[in-house]
Amino acid sequence: KQYEKWYQEQWCAEHGGKSEVLLPDQTRCDCETVTHVIEFDFGPKWSEAIGQALYYAVQLNKPAAVVLILESAKDYAYWIRLNTTVQHFQLPITTWKIENF
């Protein structure tokens, strides 16, 4: 198991992005790529990730995304919750997952 920041830095680098991007209001975006602004969170924090990703999108005027980190097969339920909510409300959020189990 790793810290969130480890996953964030690995994924962001692999996708040509920049980690910890300073936003106009002095907060930080987990990762910015050419195409998206991305929030990283562990499965149980799936609902918080939605709000953070949408806020990054407003601040940087790019599409929002969430990378959900799943550390066990049980965490797959959080992936379902995230995507069900995004789809039901037609939220403009792309989702990806990292499975580390």
# chains A, B, ... in the order shown; residues from 1 in each chain; ligands from 1
>>> residues_around(residues="Val66 of chain A", least_positions_apart="3", cutoff="6 Å", atoms="only C-alpha atoms", output="PyMOL selection string")
chain A and resi 38-40+95
>>> select_by_dssp(residues="chain A", states="strand (DSSP E or B)", output="PyMOL selection string")
chain A and resi 18-22+28-32+37-42+64-70+93-99
>>> select_by_dssp(residues="segment 9-68 of chain A", states="helix (DSSP H, G or I)", output="ChimeraX atom specification")
/A:9-14,43-60
>>> write_last_selection(atoms="N, CA, C and O atoms", output="short mmCIF file (atom, residue, chain, number, x, y, z; two decimals), in the first residue's frame")
data_model
loop_
_atom_site.label_atom_id
_atom_site.label_comp_id
_atom_site.auth_asym_id
_atom_site.auth_seq_id
_atom_site.Cartn_x
_atom_site.Cartn_y
_atom_site.Cartn_z
N GLU A 9 1.53 10.97 -8.23
CA GLU A 9 2.76 11.32 -8.96
C GLU A 9 3.06 10.30 -10.07
O GLU A 9 3.44 10.68 -11.18
N GLN A 10 2.88 9.01 -9.77
CA GLN A 10 3.12 7.97 -10.77
C GLN A 10 2.18 8.11 -11.96
O GLN A 10 2.60 8.13 -13.11
N TRP A 11 0.89 8.19 -11.68
CA TRP A 11 -0.12 8.25 -12.73
C TRP A 11 0.04 9.52 -13.56
O TRP A 11 -0.01 9.50 -14.78
N CYS A 12 0.21 10.63 -12.86
CA CYS A 12 0.32 11.93 -13.54
C CYS A 12 1.53 11.95 -14.48
O CYS A 12 1.42 12.39 -15.62
N ALA A 13 2.66 11.46 -14.01
CA ALA A 13 3.87 11.42 -14.85
C ALA A 13 3.66 10.51 -16.07
O ALA A 13 4.05 10.86 -17.18
N GLU A 14 3.03 9.36 -15.85
CA GLU A 14 2.77 8.43 -16.96
C GLU A 14 1.85 9.02 -18.02
O GLU A 14 1.88 8.61 -19.17
N GLY A 43 -10.84 4.82 -2.43
CA GLY A 43 -12.23 4.42 -2.60
C GLY A 43 -13.23 5.04 -1.64
O GLY A 43 -14.23 5.62 -2.08
N PRO A 44 -12.98 4.96 -0.32
CA PRO A 44 -13.98 5.50 0.62
C PRO A 44 -14.25 6.99 0.48
O PRO A 44 -15.27 7.48 0.95
N LYS A 45 -13.37 7.71 -0.19
CA LYS A 45 -13.56 9.16 -0.35
C LYS A 45 -14.10 9.51 -1.74
O LYS A 45 -13.94 10.63 -2.22
N TRP A 46 -14.79 8.57 -2.37
CA TRP A 46 -15.29 8.76 -3.72
C TRP A 46 -16.18 10.00 -3.84
O TRP A 46 -16.11 10.73 -4.82
N SER A 47 -17.01 10.24 -2.83
CA SER A 47 -17.95 11.36 -2.93
C SER A 47 -17.23 12.70 -2.82
O SER A 47 -17.60 13.67 -3.50
N GLU A 48 -16.20 12.77 -1.98
CA GLU A 48 -15.41 14.01 -1.88
C GLU A 48 -14.69 14.30 -3.20
O GLU A 48 -14.52 15.46 -3.58
N ALA A 49 -14.26 13.24 -3.86
CA ALA A 49 -13.52 13.40 -5.12
C ALA A 49 -14.36 14.11 -6.18
O ALA A 49 -13.83 14.89 -6.97
N ILE A 50 -15.65 13.87 -6.18
CA ILE A 50 -16.53 14.51 -7.15
C ILE A 50 -16.47 16.03 -7.00
O ILE A 50 -16.26 16.76 -7.98
N GLY A 51 -16.64 16.52 -5.80
CA GLY A 51 -16.62 17.96 -5.56
C GLY A 51 -15.28 18.59 -5.89
O GLY A 51 -15.22 19.65 -6.51
N GLN A 52 -14.21 17.93 -5.48
CA GLN A 52 -12.87 18.46 -5.75
C GLN A 52 -12.62 18.55 -7.26
O GLN A 52 -12.11 19.55 -7.75
N ALA A 53 -12.95 17.50 -7.97
CA ALA A 53 -12.72 17.48 -9.42
C ALA A 53 -13.51 18.59 -10.12
O ALA A 53 -12.98 19.28 -11.00
N LEU A 54 -14.75 18.78 -9.73
CA LEU A 54 -15.56 19.84 -10.33
C LEU A 54 -14.99 21.22 -10.01
O LEU A 54 -15.00 22.12 -10.85
N TYR A 55 -14.48 21.38 -8.81
CA TYR A 55 -13.88 22.67 -8.44
C TYR A 55 -12.63 22.95 -9.26
O TYR A 55 -12.43 24.06 -9.74
N TYR A 56 -11.78 21.94 -9.44
CA TYR A 56 -10.59 22.12 -10.29
C TYR A 56 -11.01 22.55 -11.70
O TYR A 56 -10.38 23.41 -12.32
N ALA A 57 -12.06 21.93 -12.20
CA ALA A 57 -12.54 22.24 -13.56
C ALA A 57 -12.95 23.71 -13.67
O ALA A 57 -12.65 24.36 -14.67
N VAL A 58 -13.62 24.21 -12.66
CA VAL A 58 -14.03 25.62 -12.66
C VAL A 58 -12.80 26.51 -12.64
O VAL A 58 -12.71 27.50 -13.39
N GLN A 59 -11.85 26.20 -11.80
CA GLN A 59 -10.67 27.04 -11.62
C GLN A 59 -9.76 27.06 -12.85
O GLN A 59 -9.17 28.08 -13.18
N LEU A 60 -9.61 25.91 -13.53
CA LEU A 60 -8.67 25.83 -14.66
C LEU A 60 -9.36 25.71 -16.01
O LEU A 60 -8.70 25.59 -17.04
#
>>> closest_residue(among="A:Leu91, A:Ser19, A:Lys62, A:Val67", to="Trp79 of chain A", atoms="only C-alpha atoms")
A:Val67
>>> atom_distance(atom1="atom CA of Gln2 of chain A", atom2="atom CA of Ala64 of chain A")
24.0 Å
>>> atom_distance(atom1="atom CA of Arg81 of chain A", atom2="atom CA of Leu68 of chain A")
11.1 Å
>>> closest_residue(among="A:Thr94, A:Ile80, A:Tyr3, A:Gly17", to="Asp41 of chain A", atoms="only C-alpha atoms")
A:Tyr3
>>> closest_residue(among="A:Val37, A:Ala65, A:Tyr76, A:Glu71", to="Trp96 of chain A", atoms="only C-alpha atoms")
A:Ala65
>>> atom_distance(atom1="atom CA of Lys5 of chain A", atom2="atom CA of Gln26 of chain A")
18.6 Å
>>> residues_around(residues="Leu70 of chain A", least_positions_apart="4", cutoff="7 Å", atoms="only C-alpha atoms", output="list of chain:residue names")
A:Phe42, A:Gly43, A:Asp75, A:Tyr76, A:Ile98, A:Glu99, A:Asn100
